[in-house]
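The file start-v3.txt comes next; it holds compact mmCIF, C-alpha atoms.
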# COMPACT_ATOMS: atom_id res chain seq x y z
CA MET A 1 -5.26 29.42 -12.37
CA THR A 2 -8.45 27.55 -13.21
CA ALA A 3 -8.92 23.78 -12.93
CA ALA A 4 -8.77 23.55 -16.74
CA ALA A 5 -5.51 25.50 -16.79
CA ARG A 6 -4.03 23.24 -14.09
CA ARG A 7 -4.96 20.16 -16.08
CA ALA A 8 -3.43 21.66 -19.21
CA ALA A 9 -0.23 22.34 -17.27
CA LEU A 10 -0.18 18.75 -15.99
CA GLN A 11 -0.77 17.47 -19.53
CA ALA A 12 2.22 19.53 -20.67
CA LEU A 13 4.41 17.90 -18.01
CA VAL A 14 3.52 14.35 -19.03
CA SER A 15 4.24 15.16 -22.68
CA ALA A 16 7.32 17.35 -22.21
CA PRO A 17 10.32 17.01 -24.56
CA GLY A 18 12.00 13.66 -23.98
CA VAL A 19 8.85 12.12 -22.50
CA THR A 20 6.63 9.81 -24.53
CA PRO A 21 2.94 10.35 -23.68
CA VAL A 22 1.07 7.05 -23.58
CA ALA A 23 -2.56 6.02 -23.20
CA PRO A 24 -2.89 2.25 -22.64
CA PRO A 25 -6.29 0.68 -23.43
CA ILE A 26 -8.94 1.11 -20.77
CA LEU A 27 -9.80 -2.62 -21.02
CA VAL A 28 -6.75 -4.71 -20.12
CA SER A 29 -6.07 -8.29 -19.10
CA PRO A 30 -6.29 -8.77 -15.33
CA ALA A 31 -3.73 -11.61 -15.30
CA ALA A 32 -0.67 -9.49 -14.50
CA TYR A 33 -2.53 -7.66 -11.75
CA PHE A 34 -3.62 -10.88 -10.08
CA ASP A 35 -0.07 -12.27 -10.36
CA LEU A 36 1.80 -9.21 -9.15
CA ALA A 37 -0.45 -6.69 -7.44
CA GLY A 38 -1.78 -8.86 -4.64
CA GLU A 39 -5.19 -9.44 -3.13
CA GLU A 40 -5.74 -5.84 -2.02
CA LEU A 41 -5.73 -4.38 -5.53
CA GLY A 42 -7.27 -7.54 -6.98
CA ALA A 43 -10.33 -7.10 -4.77
CA ARG A 44 -10.74 -3.52 -5.99
CA MET A 45 -10.53 -4.22 -9.71
CA ILE A 46 -13.63 -3.89 -11.88
CA LEU A 47 -13.90 -7.03 -13.99
CA THR A 48 -15.84 -7.79 -17.15
CA GLN A 49 -15.99 -10.47 -19.87
CA GLY A 50 -15.79 -10.38 -23.64
CA MET A 51 -18.29 -12.15 -25.90
CA ASP A 52 -15.87 -15.08 -26.18
CA GLY A 53 -15.52 -15.41 -22.42
CA SER A 54 -12.17 -13.60 -22.22
CA GLU A 55 -11.63 -11.76 -18.95
CA PHE A 56 -10.81 -8.06 -18.83
CA CYS A 57 -10.59 -5.41 -16.17
CA LEU A 58 -11.00 -1.68 -16.36
CA ARG A 59 -7.49 -0.26 -16.14
CA PRO A 60 -6.66 0.03 -12.39
CA ASP A 61 -3.31 1.75 -12.99
CA PHE A 62 -0.88 2.69 -15.75
CA THR A 63 2.39 1.12 -14.56
CA LEU A 64 1.77 -2.49 -15.56
CA PRO A 65 0.42 -1.79 -19.09
CA ILE A 66 3.32 0.62 -19.70
CA ALA A 67 5.88 -1.95 -18.52
CA ILE A 68 4.33 -4.72 -20.65
CA ASP A 69 4.39 -2.52 -23.77
CA HIS A 70 7.96 -1.45 -23.05
CA ILE A 71 9.12 -5.08 -22.95
CA ALA A 72 7.48 -5.69 -26.32
CA ASN A 73 9.41 -2.74 -27.76
CA GLY A 74 12.78 -3.67 -26.23
CA ALA A 75 13.13 -4.03 -22.47
CA ALA A 76 16.67 -2.63 -22.27
CA THR A 77 15.90 0.51 -24.29
CA PRO A 78 15.91 3.66 -22.10
CA ALA A 79 12.58 5.45 -22.15
CA ALA A 80 10.50 7.99 -20.24
CA TYR A 81 6.71 7.66 -20.35
CA GLY A 82 4.11 10.14 -19.19
CA TYR A 83 0.38 9.61 -18.76
CA LEU A 84 -2.80 11.33 -17.67
CA GLY A 85 -6.19 9.70 -17.74
CA PRO A 86 -8.82 7.71 -15.85
CA VAL A 87 -8.15 4.64 -13.74
CA PHE A 88 -10.84 2.44 -12.21
CA ARG A 89 -10.87 0.94 -8.72
CA GLN A 90 -13.71 0.08 -6.41
CA ARG A 91 -13.75 2.34 -3.38
CA THR A 92 -15.68 2.34 -0.13
CA ASP A 93 -16.17 6.07 -0.62
CA GLY A 94 -15.87 8.28 -3.67
CA PRO A 95 -16.22 7.42 -7.35
CA ALA A 96 -14.76 4.25 -8.87
CA GLN A 97 -13.32 6.28 -11.76
CA PHE A 98 -10.75 8.99 -11.12
CA ASP A 99 -7.88 10.64 -12.96
CA GLN A 100 -4.28 9.70 -12.43
CA GLY A 101 -1.18 11.22 -13.94
CA GLY A 102 2.38 10.08 -13.68
CA MET A 103 5.76 9.26 -15.12
CA GLU A 104 7.66 5.99 -15.56
CA LEU A 105 11.41 5.98 -16.31
CA LEU A 106 12.58 2.60 -17.58
CA ALA A 107 16.08 1.29 -18.30
CA LEU A 108 17.81 4.61 -17.63
CA PRO A 109 21.48 3.83 -16.89
CA ASP A 110 21.97 6.34 -14.03
CA ALA A 111 19.63 5.51 -11.14
CA ASP A 112 20.34 8.73 -9.21
CA ALA A 113 19.71 10.87 -12.30
CA ALA A 114 16.48 8.99 -12.98
CA LEU A 115 15.30 9.60 -9.41
CA ASP A 116 16.22 13.28 -9.71
CA GLN A 117 14.17 13.52 -12.92
CA LEU A 118 11.21 11.86 -11.24
CA ILE A 119 11.46 14.13 -8.20
CA GLY A 120 11.62 17.14 -10.51
CA PHE A 121 8.40 15.96 -12.14
CA ALA A 122 6.70 15.50 -8.75
CA ARG A 123 7.86 18.97 -7.64
CA ALA A 124 6.51 20.55 -10.83
CA VAL A 125 3.15 18.82 -10.27
CA THR A 126 2.85 20.01 -6.67
CA ASP A 127 3.79 23.54 -7.78
CA ILE A 128 0.90 23.54 -10.26
CA TYR A 129 -1.54 22.84 -7.44
CA GLY A 130 0.06 25.19 -4.94
CA VAL A 131 1.33 22.49 -2.60
CA THR A 132 4.20 24.06 -0.68
CA ALA A 133 6.39 22.35 1.93
CA PRO A 134 4.78 18.90 1.64
CA ASN A 135 5.39 16.04 4.04
CA ILE A 136 7.14 12.91 2.78
CA ARG A 137 7.05 9.36 4.09
CA VAL A 138 9.94 7.20 2.93
CA GLY A 139 10.82 3.52 3.11
CA ASP A 140 13.71 1.54 1.69
CA ILE A 141 13.41 -2.08 0.61
CA ASP A 142 17.17 -2.48 0.11
CA LEU A 143 17.74 -1.77 3.79
CA PHE A 144 15.22 -4.35 4.94
CA GLU A 145 16.55 -6.97 2.54
CA THR A 146 20.09 -6.30 3.83
CA VAL A 147 18.91 -6.83 7.40
CA LEU A 148 17.06 -9.99 6.39
CA ALA A 149 20.08 -11.38 4.53
CA GLY A 150 22.40 -10.69 7.47
CA CYS A 151 20.39 -12.15 10.33
CA GLU A 152 20.50 -15.74 11.51
CA MET A 153 17.57 -17.58 10.00
CA PRO A 154 16.89 -20.81 8.08
CA ASP A 155 16.90 -19.89 4.40
CA VAL A 156 13.47 -21.42 3.91
CA TRP A 157 11.93 -18.61 5.98
CA ARG A 158 13.63 -15.62 4.30
CA PRO A 159 11.33 -15.37 1.24
CA ARG A 160 8.28 -15.83 3.46
CA VAL A 161 9.33 -12.99 5.72
CA ARG A 162 10.20 -10.81 2.71
CA ALA A 163 6.78 -11.47 1.16
CA ARG A 164 5.12 -9.90 4.22
CA PHE A 165 7.18 -6.71 4.17
CA GLY A 166 4.79 -3.79 3.78
CA HIS A 167 1.94 -5.82 5.34
CA PRO A 168 2.22 -4.86 9.05
CA GLU A 169 -0.54 -7.15 10.29
CA ALA A 170 0.67 -10.17 8.31
CA MET A 171 4.28 -9.54 9.36
CA ALA A 172 3.35 -9.25 13.03
CA SER A 173 1.33 -12.46 12.82
CA LEU A 174 4.21 -14.34 11.21
CA LEU A 175 6.77 -13.10 13.74
CA ASP A 176 4.42 -14.07 16.59
CA ARG A 177 4.11 -17.52 15.06
CA LEU A 178 7.87 -17.88 14.68
CA ALA A 179 8.37 -16.79 18.29
CA ASP A 180 5.96 -19.50 19.48
CA PRO A 181 6.44 -22.49 17.15
CA ARG A 182 3.46 -24.76 16.65
CA PRO A 183 3.60 -28.39 17.71
CA PRO A 184 3.88 -30.88 14.84
CA MET A 185 0.65 -31.25 12.91
CA ALA A 186 -1.35 -34.37 13.47
CA GLY A 187 -0.91 -36.91 10.74
CA PRO A 188 1.26 -39.76 9.52
CA ALA A 189 4.63 -38.08 10.18
CA GLY A 190 7.55 -40.04 8.81
CA LEU A 191 5.61 -41.77 6.03
CA PRO A 192 6.64 -41.40 2.37
CA ALA A 193 4.73 -38.85 0.31
CA ASN A 194 2.82 -41.57 -1.60
CA ASP A 195 1.60 -43.15 1.63
CA ILE A 196 0.51 -39.76 2.95
CA ALA A 197 -1.40 -39.12 -0.29
CA ASP A 198 -3.15 -42.47 0.13
CA TRP A 199 -4.02 -41.57 3.72
CA VAL A 200 -5.40 -38.18 2.62
CA GLY A 201 -7.41 -39.83 -0.15
CA GLU A 202 -9.01 -42.24 2.32
CA LEU A 203 -9.96 -39.35 4.60
CA MET A 204 -11.46 -37.41 1.69
CA LEU A 205 -13.54 -40.38 0.54
CA THR A 206 -14.67 -41.12 4.09
CA ASN A 207 -15.94 -37.54 4.39
CA GLY A 208 -17.64 -37.56 0.98
CA LEU A 209 -15.14 -35.30 -0.77
CA SER A 210 -14.18 -35.60 -4.42
CA LEU A 211 -10.59 -36.60 -5.24
CA THR A 212 -10.56 -34.51 -8.43
CA GLU A 213 -12.79 -31.45 -8.11
CA SER A 214 -10.40 -29.38 -5.98
CA ARG A 215 -6.91 -30.13 -4.70
CA THR A 216 -5.82 -33.71 -5.22
CA PRO A 217 -4.56 -35.93 -2.40
CA GLU A 218 -1.05 -35.62 -3.88
CA GLU A 219 -1.22 -31.81 -3.75
CA ILE A 220 -2.50 -31.88 -0.18
CA ALA A 221 0.22 -34.32 0.83
CA ALA A 222 2.92 -32.11 -0.73
CA ARG A 223 1.61 -29.07 1.14
CA TYR A 224 1.46 -31.07 4.37
CA LEU A 225 5.11 -32.11 4.00
CA GLU A 226 6.12 -28.53 3.18
CA LYS A 227 4.45 -27.27 6.34
CA GLN A 228 6.09 -29.98 8.41
CA ALA A 229 9.49 -29.03 7.01
CA LEU A 230 8.85 -25.35 7.77
CA GLU A 231 7.77 -26.01 11.33
CA ALA A 232 10.98 -27.96 11.89
CA GLN A 233 13.08 -24.92 10.92
CA HIS A 234 13.15 -22.72 14.01
CA VAL A 235 14.05 -19.04 13.83
CA PRO A 236 16.21 -17.89 16.77
CA GLY A 237 14.60 -15.56 19.28
CA PRO A 238 17.25 -12.82 18.84
CA THR A 239 16.49 -12.73 15.11
CA ILE A 240 12.79 -12.21 15.78
CA ASP A 241 13.65 -9.42 18.24
CA LEU A 242 15.94 -7.84 15.63
CA LEU A 243 13.23 -7.83 12.97
CA ARG A 244 10.65 -6.41 15.37
CA ASN A 245 13.02 -3.69 16.51
CA TYR A 246 13.93 -2.78 12.94
CA LEU A 247 10.32 -2.60 11.75
CA ALA A 248 9.37 -0.43 14.75
CA ILE A 249 11.78 2.35 13.71
CA SER A 250 9.82 5.33 12.41
CA GLY A 251 10.36 9.05 12.78
CA PRO A 252 12.38 11.95 11.38
CA ALA A 253 14.57 10.52 8.64
CA ASP A 254 17.96 11.42 10.08
CA LYS A 255 17.13 9.99 13.51
CA SER A 256 15.62 6.85 12.01
CA LEU A 257 18.63 6.15 9.80
CA THR A 258 20.94 6.70 12.76
CA ALA A 259 18.89 4.23 14.81
CA ILE A 260 19.09 1.67 11.99
CA GLY A 261 22.86 2.11 11.83
CA ALA A 262 23.12 1.53 15.59
CA LEU A 263 20.98 -1.59 15.27
CA GLY A 264 23.30 -2.91 12.57
CA GLN A 265 26.38 -2.29 14.71
CA ALA A 266 24.77 -3.95 17.73
CA THR A 267 23.93 -7.08 15.73
CA GLY A 268 27.06 -7.25 13.57
CA ILE A 269 25.20 -6.74 10.28
CA ASP A 270 27.00 -4.51 7.79
CA LEU A 271 24.37 -1.96 6.82
CA ALA A 272 26.80 0.79 5.76
CA PRO A 273 26.39 0.54 1.95
CA ALA A 274 22.60 0.26 2.15
CA LEU A 275 22.41 3.10 4.68
CA GLN A 276 24.52 5.36 2.48
CA GLY A 277 22.19 4.68 -0.43
CA ALA A 278 19.09 5.33 1.68
CA SER A 279 20.54 8.56 3.09
CA ARG A 280 21.43 9.81 -0.38
CA ARG A 281 17.95 9.14 -1.73
CA VAL A 282 16.30 10.75 1.32
CA ASP A 283 18.38 13.87 0.66
CA GLN A 284 17.29 13.85 -2.98
CA LEU A 285 13.64 13.76 -1.95
CA ARG A 286 14.03 16.37 0.81
CA ASP A 287 15.91 18.84 -1.37
CA GLY A 288 14.02 18.22 -4.61
CA LEU A 289 10.56 18.56 -3.08
CA LYS A 290 11.45 21.28 -0.54
CA ALA A 291 9.82 19.11 2.08
CA ASN A 292 8.41 20.37 5.34
CA SER A 293 9.26 17.03 6.95
CA VAL A 294 10.67 13.68 5.90
CA LEU A 295 9.62 10.68 7.95
CA PHE A 296 11.51 7.43 7.47
CA ASP A 297 9.38 4.39 8.28
CA ALA A 298 11.48 1.21 8.27
CA GLY A 299 8.41 -0.96 7.68
CA PHE A 300 6.91 1.10 4.86
CA SER A 301 6.61 -0.40 1.39
CA PRO A 302 3.96 -0.78 -1.28
CA ARG A 303 2.46 -4.25 -0.98
CA LEU A 304 4.22 -5.43 -4.12
CA ASP A 305 7.36 -7.54 -3.98
CA TYR A 306 8.87 -6.20 -7.20
CA TYR A 307 9.75 -2.86 -5.56
CA THR A 308 13.41 -2.21 -4.77
CA GLY A 309 15.26 0.62 -3.09
CA ILE A 310 13.38 3.76 -2.14
CA THR A 311 9.60 4.15 -1.95
CA PHE A 312 7.83 7.36 -0.99
CA GLU A 313 4.51 9.11 -0.45
CA VAL A 314 3.94 12.86 -0.57
CA THR A 315 1.10 14.36 1.46
CA GLY A 316 -0.24 17.90 1.63
CA ALA A 317 -2.14 19.97 4.15
CA GLY A 318 -5.15 17.68 3.97
CA GLY A 319 -3.13 14.61 4.93
CA LEU A 320 -4.04 12.65 1.80
CA VAL A 321 -1.41 10.98 -0.39
CA LEU A 322 -0.93 13.22 -3.42
CA VAL A 323 2.08 11.55 -5.03
CA SER A 324 3.37 8.02 -4.55
CA GLY A 325 6.26 6.23 -6.18
CA GLY A 326 9.52 4.42 -5.95
CA GLN A 327 12.00 2.08 -7.59
CA TYR A 328 10.80 -1.21 -9.03
CA ASP A 329 13.77 -2.83 -10.73
CA ARG A 330 12.27 -6.34 -10.55
CA LEU A 331 8.98 -5.63 -12.30
CA LEU A 332 10.03 -6.01 -15.93
CA ARG A 333 11.77 -9.32 -15.27
CA ARG A 334 8.64 -10.54 -13.50
CA LEU A 335 6.73 -9.60 -16.65
CA GLY A 336 9.06 -11.50 -18.96
CA ALA A 337 12.21 -9.41 -19.51
CA PRO A 338 15.41 -11.49 -19.46
CA GLN A 339 16.89 -9.62 -16.48
CA ASP A 340 16.14 -6.90 -13.94
CA ILE A 341 15.65 -3.52 -15.62
CA PRO A 342 16.22 -0.25 -13.73
CA ALA A 343 12.84 1.42 -13.24
CA VAL A 344 11.43 4.26 -11.19
CA GLY A 345 8.06 5.94 -11.37
CA CYS A 346 5.38 7.86 -9.55
CA ALA A 347 1.67 8.46 -9.80
CA VAL A 348 -0.14 11.68 -8.95
CA TRP A 349 -3.74 11.76 -7.75
CA VAL A 350 -5.46 14.57 -9.61
CA ASP A 351 -8.66 14.75 -7.52
CA ARG A 352 -6.66 14.94 -4.30
CA LEU A 353 -4.34 17.58 -5.73
CA GLU A 354 -7.37 19.67 -6.70
CA SER A 355 -8.61 19.46 -3.10
CA GLU A 356 -5.33 21.10 -2.00
CA VAL A 357 -5.92 24.19 -4.14
CA ARG A 358 -6.63 27.28 -2.06
CA PRO A 359 -8.63 30.24 -3.41

Encoded form (structure tokens):
Amino acid sequence: MTAAARRAALQALVSAPGVTPVAPPILVSPAAYFDLAGEELGARMILTQGMDGSEFCLRPDFTLPIAIDHIANGAATPAAYGYLGPVFRQRTDGPAQFDQGGMELLALPDADAALDQLIGFARAVTDIYGVTAPNIRVGDIDLFETVLAGCEMPDVWRPRVRARFGHPEAMASLLDRLADPRPPMAGPAGLPANDIADWVGELMLTNGLSLTESRTPEEIAARYLEKQALEAQHVPGPTIDLLRNYLAISGPADKSLTAIGALGQATGIDLAPALQGASRRVDQLRDGLKANSVLFDAGFSPRLDYYTGITFEVTGAGGLVLVSGGQYDRLLRRLGAPQDIPAVGCAVWVDRLESEVRP
């Protein structure tokens, strides 16, 4: 099969019966990406300006524009979208423009059936490019959130720990900080917020800083008080050990899930429902993709906090990620839908898939 024939076969998959092929504009607003996709993708976007000063970016992915359009057409309406076309991201090596295909399944009522459909799509794609017995890396956000909800911790820290899930360096730094609390910050502890703002204002003026051009004294005072309140909320040492031990679990899926179950039993956290869900979804991926190996990495997640449930990456003989996807039930609500909407999707990297083709 030639490269043109493979592309035609991929185009047929993303426009199969029951799938709506979509082609969002290449120039899109960067606002949603900055709000939701984090600094890593934000730094890789290619930005431009319209004649009126409006900001745009060259489309860095398809998921966000598809989700935004879906909300406009009825967020709770079940739909399957397919796409194939260029995306634009700055890279340290390789071109900034490359082709991406994929499928997004939104508001489907049966989550397991939706995941099966998505896995079937991913399997059909890998078959086109001759990828047999791929390797799969899996993570599960539900499991981590269950552990986080069940451990002993001041509530003020839970969202901050959750926000670092999928960022190994940031998570390690935070846990190190929590294990060795900082002494109280220097300043007028115990004073009312207004007095602290006055004190900050005097310091700013003394050092020749404007009170209006950046953060105001009131904003700085509020942040100071927030930090003081955080530092006063200590996280128990056993909780920090639990989180470190959980995040360190990585290996063959069955062994990893067994280790997580043992950790839950040892700490008295009921992980049974979340473990059953994770095990079921791992089996779906293993069976549907005829995987050579399935690695479960307890700390693996895309660096986006709207993901839920399972996330996965499929790699071939070359070791590059060929397919990546997962569940993201929070995304549409974050974009303006009135409630969470079931959603699952995956992207396929056409240039990498082509590199897997053997003569």

Write out as JSON lines a residue-level contact list of stretch 70-165 of chain A versus stretch 237-249 of chain A with cut-off 12 Å: for each qualifying residue the closest pair of atoms and the distance in Å to one decimal, counting only C-alpha atoms, rows sorted by chain and residue number upward.
{"residue": "A:Val138", "atom": "CA", "partner": "A:Ile249", "partner_atom": "CA", "distance": 12.0}
{"residue": "A:Gly139", "atom": "CA", "partner": "A:Leu247", "partner_atom": "CA", "distance": 10.6}
{"residue": "A:Asp140", "atom": "CA", "partner": "A:Leu247", "partner_atom": "CA", "distance": 11.4}
{"residue": "A:Ile141", "atom": "CA", "partner": "A:Leu247", "partner_atom": "CA", "distance": 11.6}
{"residue": "A:Leu143", "atom": "CA", "partner": "A:Tyr246", "partner_atom": "CA", "distance": 10.0}
{"residue": "A:Phe144", "atom": "CA", "partner": "A:Tyr246", "partner_atom": "CA", "distance": 8.3}
{"residue": "A:Glu145", "atom": "CA", "partner": "A:Leu243", "partner_atom": "CA", "distance": 11.0}
{"residue": "A:Thr146", "atom": "CA", "partner": "A:Leu243", "partner_atom": "CA", "distance": 11.5}
{"residue": "A:Val147", "atom": "CA", "partner": "A:Leu243", "partner_atom": "CA", "distance": 8.0}
{"residue": "A:Leu148", "atom": "CA", "partner": "A:Leu243", "partner_atom": "CA", "distance": 7.9}
{"residue": "A:Ala149", "atom": "CA", "partner": "A:Thr239", "partner_atom": "CA", "distance": 11.3}
{"residue": "A:Gly150", "atom": "CA", "partner": "A:Thr239", "partner_atom": "CA", "distance": 9.9}
{"residue": "A:Cys151", "atom": "CA", "partner": "A:Thr239", "partner_atom": "CA", "distance": 6.2}
{"residue": "A:Glu152", "atom": "CA", "partner": "A:Thr239", "partner_atom": "CA", "distance": 6.2}
{"residue": "A:Met153", "atom": "CA", "partner": "A:Thr239", "partner_atom": "CA", "distance": 7.1}
{"residue": "A:Pro154", "atom": "CA", "partner": "A:Thr239", "partner_atom": "CA", "distance": 10.7}
{"residue": "A:Trp157", "atom": "CA", "partner": "A:Ile240", "partner_atom": "CA", "distance": 11.7}
{"residue": "A:Arg158", "atom": "CA", "partner": "A:Thr239", "partner_atom": "CA", "distance": 11.5}
{"residue": "A:Val161", "atom": "CA", "partner": "A:Leu243", "partner_atom": "CA", "distance": 9.7}
{"residue": "A:Arg162", "atom": "CA", "partner": "A:Leu243", "partner_atom": "CA", "distance": 11.1}
{"residue": "A:Arg164", "atom": "CA", "partner": "A:Leu247", "partner_atom": "CA", "distance": 11.7}
{"residue": "A:Phe165", "atom": "CA", "partner": "A:Leu247", "partner_atom": "CA", "distance": 9.2}

For C-alpha atoms, I'd like the residues from the last selection saved as a PDB file, in the coordinates of the input.
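See out_38.pdb below for the written result:
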ATOM      1  CA  VAL A 138       9.940   7.200   2.930  1.00  0.00           C
ATOM      2  CA  GLY A 139      10.820   3.520   3.110  1.00  0.00           C
ATOM      3  CA  ASP A 140      13.710   1.540   1.690  1.00  0.00           C
ATOM      4  CA  ILE A 141      13.410  -2.080   0.610  1.00  0.00           C
ATOM      5  CA  LEU A 143      17.740  -1.770   3.790  1.00  0.00           C
ATOM      6  CA  PHE A 144      15.220  -4.350   4.940  1.00  0.00           C
ATOM      7  CA  GLU A 145      16.550  -6.970   2.540  1.00  0.00           C
ATOM      8  CA  THR A 146      20.090  -6.300   3.830  1.00  0.00           C
ATOM      9  CA  VAL A 147      18.910  -6.830   7.400  1.00  0.00           C
ATOM     10  CA  LEU A 148      17.060  -9.990   6.390  1.00  0.00           C
ATOM     11  CA  ALA A 149      20.080 -11.380   4.530  1.00  0.00           C
ATOM     12  CA  GLY A 150      22.400 -10.690   7.470  1.00  0.00           C
ATOM     13  CA  CYS A 151      20.390 -12.150  10.330  1.00  0.00           C
ATOM     14  CA  GLU A 152      20.500 -15.740  11.510  1.00  0.00           C
ATOM     15  CA  MET A 153      17.570 -17.580  10.000  1.00  0.00           C
ATOM     16  CA  PRO A 154      16.890 -20.810   8.080  1.00  0.00           C
ATOM     17  CA  TRP A 157      11.930 -18.610   5.980  1.00  0.00           C
ATOM     18  CA  ARG A 158      13.630 -15.620   4.300  1.00  0.00           C
ATOM     19  CA  VAL A 161       9.330 -12.990   5.720  1.00  0.00           C
ATOM     20  CA  ARG A 162      10.200 -10.810   2.710  1.00  0.00           C
ATOM     21  CA  ARG A 164       5.120  -9.900   4.220  1.00  0.00           C
ATOM     22  CA  PHE A 165       7.180  -6.710   4.170  1.00  0.00           C
TER      23      PHE A 165
END

Q. For the atom pair atom CA of A:Ile341 and atom CA of A:Asp112, what is the interatomic distance in Å to one decimal place?
A.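 Computing the Euclidean distance for atom CA of A:Ile341 and atom CA of A:Asp112 yields 14.6 Å.
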
As a CSV table (one decimal) with C-alpha atoms, keeping the file's coordinate frame, please: the residues near stretch 72-84 of chain A (cut-off 8 Å, only C-alpha atoms, same-chain neighbours under 2 positions excluded).
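The resulting file, around.csv, is shown below:
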chain,number,residue,atom,x,y,z
A,11,GLN,CA,-0.8,17.5,-19.5
A,13,LEU,CA,4.4,17.9,-18.0
A,14,VAL,CA,3.5,14.4,-19.0
A,15,SER,CA,4.2,15.2,-22.7
A,18,GLY,CA,12.0,13.7,-24.0
A,19,VAL,CA,8.8,12.1,-22.5
A,20,THR,CA,6.6,9.8,-24.5
A,21,PRO,CA,2.9,10.4,-23.7
A,22,VAL,CA,1.1,7.0,-23.6
A,23,ALA,CA,-2.6,6.0,-23.2
A,62,PHE,CA,-0.9,2.7,-15.8
A,66,ILE,CA,3.3,0.6,-19.7
A,68,ILE,CA,4.3,-4.7,-20.6
A,69,ASP,CA,4.4,-2.5,-23.8
A,70,HIS,CA,8.0,-1.4,-23.0
A,86,PRO,CA,-8.8,7.7,-15.8
A,99,ASP,CA,-7.9,10.6,-13.0
A,100,GLN,CA,-4.3,9.7,-12.4
A,101,GLY,CA,-1.2,11.2,-13.9
A,102,GLY,CA,2.4,10.1,-13.7
A,103,MET,CA,5.8,9.3,-15.1
A,104,GLU,CA,7.7,6.0,-15.6
A,105,LEU,CA,11.4,6.0,-16.3
A,106,LEU,CA,12.6,2.6,-17.6
A,107,ALA,CA,16.1,1.3,-18.3
A,108,LEU,CA,17.8,4.6,-17.6
A,109,PRO,CA,21.5,3.8,-16.9
A,332,LEU,CA,10.0,-6.0,-15.9
A,337,ALA,CA,12.2,-9.4,-19.5
A,341,ILE,CA,15.6,-3.5,-15.6

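Distances to A:Gln276 were evaluated for A:Ala317, A:Ala111, A:Ile119, A:Leu257 using all atoms listed in the file, and the minimum falls at A:Leu257.
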
Q: Could you give me, as a list in words, the residues within 12 Å of A:Asp287, counting only C-alpha atoms and dropping anything in the same chain fewer than 6 positions from it?
A: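 Using only C-alpha atoms, the neighbours found are Asp116, Ile119, Gly120, Arg123, Ala133, Pro134, Ile136, Arg280, Arg281, Ser293 and Val294 of chain A.
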
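Using all atoms listed in the file, the smallest distance between any of A:Val125, A:Gly299, A:Ala4, A:Pro30 and A:Glu169 comes from A:Gly299.
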
Because some atoms of stretch 19-30 of chain A are absent here, can you restore N, CA and C atoms and send them as a PDB file, in the frame of the given file?
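Done, and the output landed in out_31.pdb:
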ATOM      1  N   VAL A  19       9.823  13.004 -23.150  1.00  0.00           N
ATOM      2  CA  VAL A  19       8.850  12.120 -22.500  1.00  0.00           C
ATOM      3  C   VAL A  19       7.837  11.668 -23.540  1.00  0.00           C
ATOM      4  N   THR A  20       7.604  10.362 -23.599  1.00  0.00           N
ATOM      5  CA  THR A  20       6.630   9.810 -24.530  1.00  0.00           C
ATOM      6  C   THR A  20       5.271   9.705 -23.846  1.00  0.00           C
ATOM      7  N   PRO A  21       4.280  10.494 -24.288  1.00  0.00           N
ATOM      8  CA  PRO A  21       2.940  10.350 -23.680  1.00  0.00           C
ATOM      9  C   PRO A  21       2.281   9.063 -24.158  1.00  0.00           C
ATOM     10  N   VAL A  22       1.696   8.327 -23.239  1.00  0.00           N
ATOM     11  CA  VAL A  22       1.070   7.050 -23.580  1.00  0.00           C
ATOM     12  C   VAL A  22      -0.330   7.000 -22.997  1.00  0.00           C
ATOM     13  N   ALA A  23      -1.178   6.212 -23.650  1.00  0.00           N
ATOM     14  CA  ALA A  23      -2.560   6.020 -23.200  1.00  0.00           C
ATOM     15  C   ALA A  23      -2.927   4.564 -23.423  1.00  0.00           C
ATOM     16  N   PRO A  24      -2.546   3.667 -22.490  1.00  0.00           N
ATOM     17  CA  PRO A  24      -2.890   2.250 -22.640  1.00  0.00           C
ATOM     18  C   PRO A  24      -4.396   2.056 -22.728  1.00  0.00           C
ATOM     19  N   PRO A  25      -4.848   0.948 -23.332  1.00  0.00           N
ATOM     20  CA  PRO A  25      -6.290   0.680 -23.430  1.00  0.00           C
ATOM     21  C   PRO A  25      -6.951   0.694 -22.056  1.00  0.00           C
ATOM     22  N   ILE A  26      -8.202   1.112 -22.032  1.00  0.00           N
ATOM     23  CA  ILE A  26      -8.940   1.110 -20.770  1.00  0.00           C
ATOM     24  C   ILE A  26      -9.287  -0.324 -20.353  1.00  0.00           C
ATOM     25  N   LEU A  27      -9.571  -1.199 -21.323  1.00  0.00           N
ATOM     26  CA  LEU A  27      -9.800  -2.620 -21.020  1.00  0.00           C
ATOM     27  C   LEU A  27      -8.486  -3.368 -21.169  1.00  0.00           C
ATOM     28  N   VAL A  28      -8.019  -3.980 -20.098  1.00  0.00           N
ATOM     29  CA  VAL A  28      -6.750  -4.710 -20.120  1.00  0.00           C
ATOM     30  C   VAL A  28      -6.953  -6.074 -19.475  1.00  0.00           C
ATOM     31  N   SER A  29      -6.018  -6.967 -19.737  1.00  0.00           N
ATOM     32  CA  SER A  29      -6.070  -8.290 -19.100  1.00  0.00           C
ATOM     33  C   SER A  29      -5.781  -8.160 -17.618  1.00  0.00           C
ATOM     34  N   PRO A  30      -6.540  -8.857 -16.767  1.00  0.00           N
ATOM     35  CA  PRO A  30      -6.290  -8.770 -15.330  1.00  0.00           C
ATOM     36  C   PRO A  30      -5.180  -9.702 -14.851  1.00  0.00           C
TER      37      PRO A  30
END
